[in-house]
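Remarks on the structure that follows.
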Amino acid sequence: MEASTSVILVADIGKSRCRVELRRGHDLLAAADQHGFPGIHVDQGPALAFDLLLKTVALLVPALPLNSLAGIGAGVAGVEASTEKSRELAALLAHHFRVPVALLSDATAAHLGAFDGGTGTVLIVGTGAVAFRFDEAGLLHRADGWGPYLGDRGSGRWIGQQGLQAVLEAHDGGPATSLSAAATALVESPDMLPGWLAAHENPYRAMARFAPQVLQAAEAGDGVARDIIGEACRILIRTVQRACGTQESPGQRVALLGGVAGSEFFAGLLQNSLSSAGIEVVTPLGDGLDGAALAAVRRGLIHERYIHRDGATGTN
């Protein structure tokens, strides 16, 4: 496949967003995005991901050259949790579009994009939190990313949850915080927060949406919020260190990705904390969509054992 001339469909199907682009080489032909999904590992996960991708692709301008598609690269949440379901989704896509498919986890795609297929560590801080490192032998070293019940500490969900808990603690007579005023945008009284959260289909995403208020309060000098953000930074440093292990550079290079890491205030604190711990922070070369595109057009990557490939099969 000639990367410079071929039209490829790339997707980043995460838990918060589904982003789709149609590309020819470095040229962006069209883009669309909408809501995310729970992950391919859940019940009916492949079907959910497949339907979501088709609905998002349908948002692309009809006149664009989908009929000349040469391949698909898709980073999908939950791929690392189920090989069987990942292969099922790859087969569904290959059968429907009749082109080769490269399917990988959204975190692996983010790593591929950040280092253009090279080695290093990515720390992804969004609704969840995970650190990924691929060594020279192509082995994955991972820390956290274990979901809201068992992990994702220091993430947007974690920060938002800590902020909401601080509001309830203040309501019970604990330390006062400006977060109490911020919570009035959600409910009239703090004692209504449990019911507000229970009413959400995805309570973890709801908690993550309170993270910006915690960041704003911390930047404004609120002591409770600053303690939460400081602890998040300490947790994330440990996550990176565990993914890096005892490796020397380039294992100690880390690129920061994700919506929370995109906050200038938080990214600055986190970068200073990582640098103080002897970890070099580097600018990512690309994102998950770039990584998915690379997987679609290049083989023999160090990530290859974690990419599910399925050539064109059957007819539409």
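By order in the structure tokens, chains are A, B, ...; within a chain, residues start at 1; ligands start at 1, following the order shown.
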
Quick one: DSSP alpha helix (DSSP H) residues in region 80-257 of chain A, as a PyMOL selection string? chain A and resi 83-97+106-115+147-150+156-171+179-182+193-198+203-208+211-219+223-244

Could you write out that same residue set with C-alpha atoms as a compact mmCIF listing (two decimals), in the first residue's frame?
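Wrote it out as out31.txt, contents follow:
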```txt
# COMPACT_ATOMS: atom_id res chain seq x y z
CA THR A 83 -8.15 -11.12 21.45
CA GLU A 84 -11.22 -13.06 20.29
CA LYS A 85 -13.48 -10.00 20.14
CA SER A 86 -10.75 -7.94 18.49
CA ARG A 87 -10.40 -10.51 15.73
CA GLU A 88 -14.18 -10.53 15.35
CA LEU A 89 -14.29 -6.77 14.83
CA ALA A 90 -11.36 -6.87 12.39
CA ALA A 91 -13.19 -9.54 10.37
CA LEU A 92 -16.43 -7.51 10.39
CA LEU A 93 -14.65 -4.45 9.06
CA ALA A 94 -12.67 -6.36 6.44
CA HIS A 95 -15.82 -8.10 5.21
CA HIS A 96 -17.89 -4.91 5.05
CA PHE A 97 -15.33 -2.63 3.41
CA ASP A 106 -6.56 3.01 21.39
CA ALA A 107 -3.61 3.23 23.79
CA THR A 108 -1.31 1.35 21.39
CA ALA A 109 -2.48 3.62 18.57
CA ALA A 110 -1.70 6.64 20.73
CA HIS A 111 1.81 5.28 21.36
CA LEU A 112 2.37 4.63 17.67
CA GLY A 113 1.33 8.18 16.83
CA ALA A 114 3.31 9.79 19.64
CA PHE A 115 6.63 8.19 18.64
CA GLY A 147 -10.75 0.93 34.71
CA PRO A 148 -12.71 2.99 37.25
CA TYR A 149 -13.29 0.15 39.73
CA LEU A 150 -9.72 -1.06 40.08
CA GLY A 156 -10.02 12.82 34.90
CA ARG A 157 -12.54 10.48 36.53
CA TRP A 158 -10.34 10.22 39.64
CA ILE A 159 -9.83 13.99 39.87
CA GLY A 160 -13.53 14.68 39.38
CA GLN A 161 -14.52 12.02 41.91
CA GLN A 162 -12.10 13.40 44.49
CA GLY A 163 -13.54 16.86 43.90
CA LEU A 164 -17.12 15.69 44.39
CA GLN A 165 -16.12 13.80 47.53
CA ALA A 166 -14.49 16.98 48.83
CA VAL A 167 -17.79 18.83 48.29
CA LEU A 168 -19.62 16.23 50.36
CA GLU A 169 -16.93 16.30 53.05
CA ALA A 170 -17.29 20.09 53.27
CA HIS A 171 -21.07 19.62 53.52
CA LEU A 179 -15.66 23.38 44.80
CA SER A 180 -18.92 23.55 46.77
CA ALA A 181 -19.93 26.60 44.76
CA ALA A 182 -18.82 24.92 41.53
CA LEU A 193 -25.02 14.62 44.35
CA PRO A 194 -25.44 10.84 44.90
CA GLY A 195 -28.80 10.91 43.10
CA TRP A 196 -27.39 13.10 40.32
CA LEU A 197 -24.57 10.62 39.74
CA ALA A 198 -26.84 7.58 39.86
CA PRO A 203 -21.27 7.84 35.99
CA TYR A 204 -17.50 7.70 35.37
CA ARG A 205 -17.74 10.11 32.47
CA ALA A 206 -20.01 12.32 34.61
CA MET A 207 -17.39 12.45 37.36
CA ALA A 208 -14.67 13.22 34.80
CA ALA A 211 -12.33 17.56 36.70
CA PRO A 212 -12.08 20.95 34.90
CA GLN A 213 -13.74 22.62 37.90
CA VAL A 214 -11.16 21.01 40.20
CA LEU A 215 -8.34 22.20 37.95
CA GLN A 216 -9.77 25.73 37.83
CA ALA A 217 -10.14 25.83 41.61
CA ALA A 218 -6.58 24.58 42.09
CA GLU A 219 -5.22 27.18 39.70
CA GLY A 223 -6.20 24.42 49.03
CA VAL A 224 -8.44 21.35 48.82
CA ALA A 225 -8.31 21.33 45.02
CA ARG A 226 -4.54 21.86 45.04
CA ASP A 227 -4.12 18.83 47.29
CA ILE A 228 -6.18 16.73 44.86
CA ILE A 229 -4.12 17.83 41.84
CA GLY A 230 -0.86 17.38 43.73
CA GLU A 231 -1.82 13.81 44.63
CA ALA A 232 -2.86 13.14 41.02
CA CYS A 233 0.60 14.20 39.84
CA ARG A 234 2.32 11.97 42.42
CA ILE A 235 0.16 9.01 41.38
CA LEU A 236 0.85 9.54 37.68
CA ILE A 237 4.60 9.77 38.28
CA ARG A 238 4.47 6.34 39.93
CA THR A 239 2.43 5.02 37.00
CA VAL A 240 5.09 6.20 34.53
CA GLN A 241 7.91 4.82 36.67
CA ARG A 242 6.25 1.40 36.81
CA ALA A 243 5.82 1.34 33.04
CA CYS A 244 9.43 2.44 32.53
```

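Between His303 (chain A) and the residues A:Ala199, A:Leu139, A:Leu69, A:Ala261, the shortest atom-to-atom distance, using only C-alpha atoms, involves A:Leu139.
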
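Shortest separation to Leu301 (chain A) among A:Trp146, A:Phe210, A:Phe266, A:Phe134 occurs at residue A:Phe134, atoms counted being only C-alpha atoms.
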
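Between CA of Gly151 (chain A) and CA of Ser276 (chain A) the separation is 24.4 Å.
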
Need to verify the contact set: Ile72 (chain A), 9 Å, only C-alpha atoms, exclusion of same-chain residues closer than 5 positions in sequence. Can you return it as a ChimeraX atom specification? /A:8-11,93-94,97,99-103,292-293,295-297

Residue neighbourhood Leu256 (chain A), 10 Å, only C-alpha atoms, exclusion window fewer than 3 positions, as a PyMOL selection string: chain A and resi 114+121-125+131+259-262+267+270-271+281-284

Calculate how many Å separate CA of Gly120 (chain A) from CA of Arg133 (chain A), rounding to one decimal. 5.6 Å

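Minimum atom-to-atom distances from A:Ser273, A:Ser16, A:Ser263, A:Asn67 to Gly128 (chain A) were compared using only C-alpha atoms, and the lowest value belongs to A:Ser16.
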
Name all residues at most 12 Å from Leu22 (chain A) (count only C-alpha atoms; drop same-chain ones fewer than 5 positions away) and give them as a PyMOL selection string. chain A and resi 6-11+27-33+56-74+289-290+292-293

Residues near Ala77 (chain A), anyone? I mean within 8 Å using only C-alpha atoms, not counting same-chain ones fewer than 3 positions away, as a PyMOL selection string. chain A and resi 13-15+38-40+105-107

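Here CA of Arg23 (chain A) and CA of Thr5 (chain A) stand 9.4 Å from one another.
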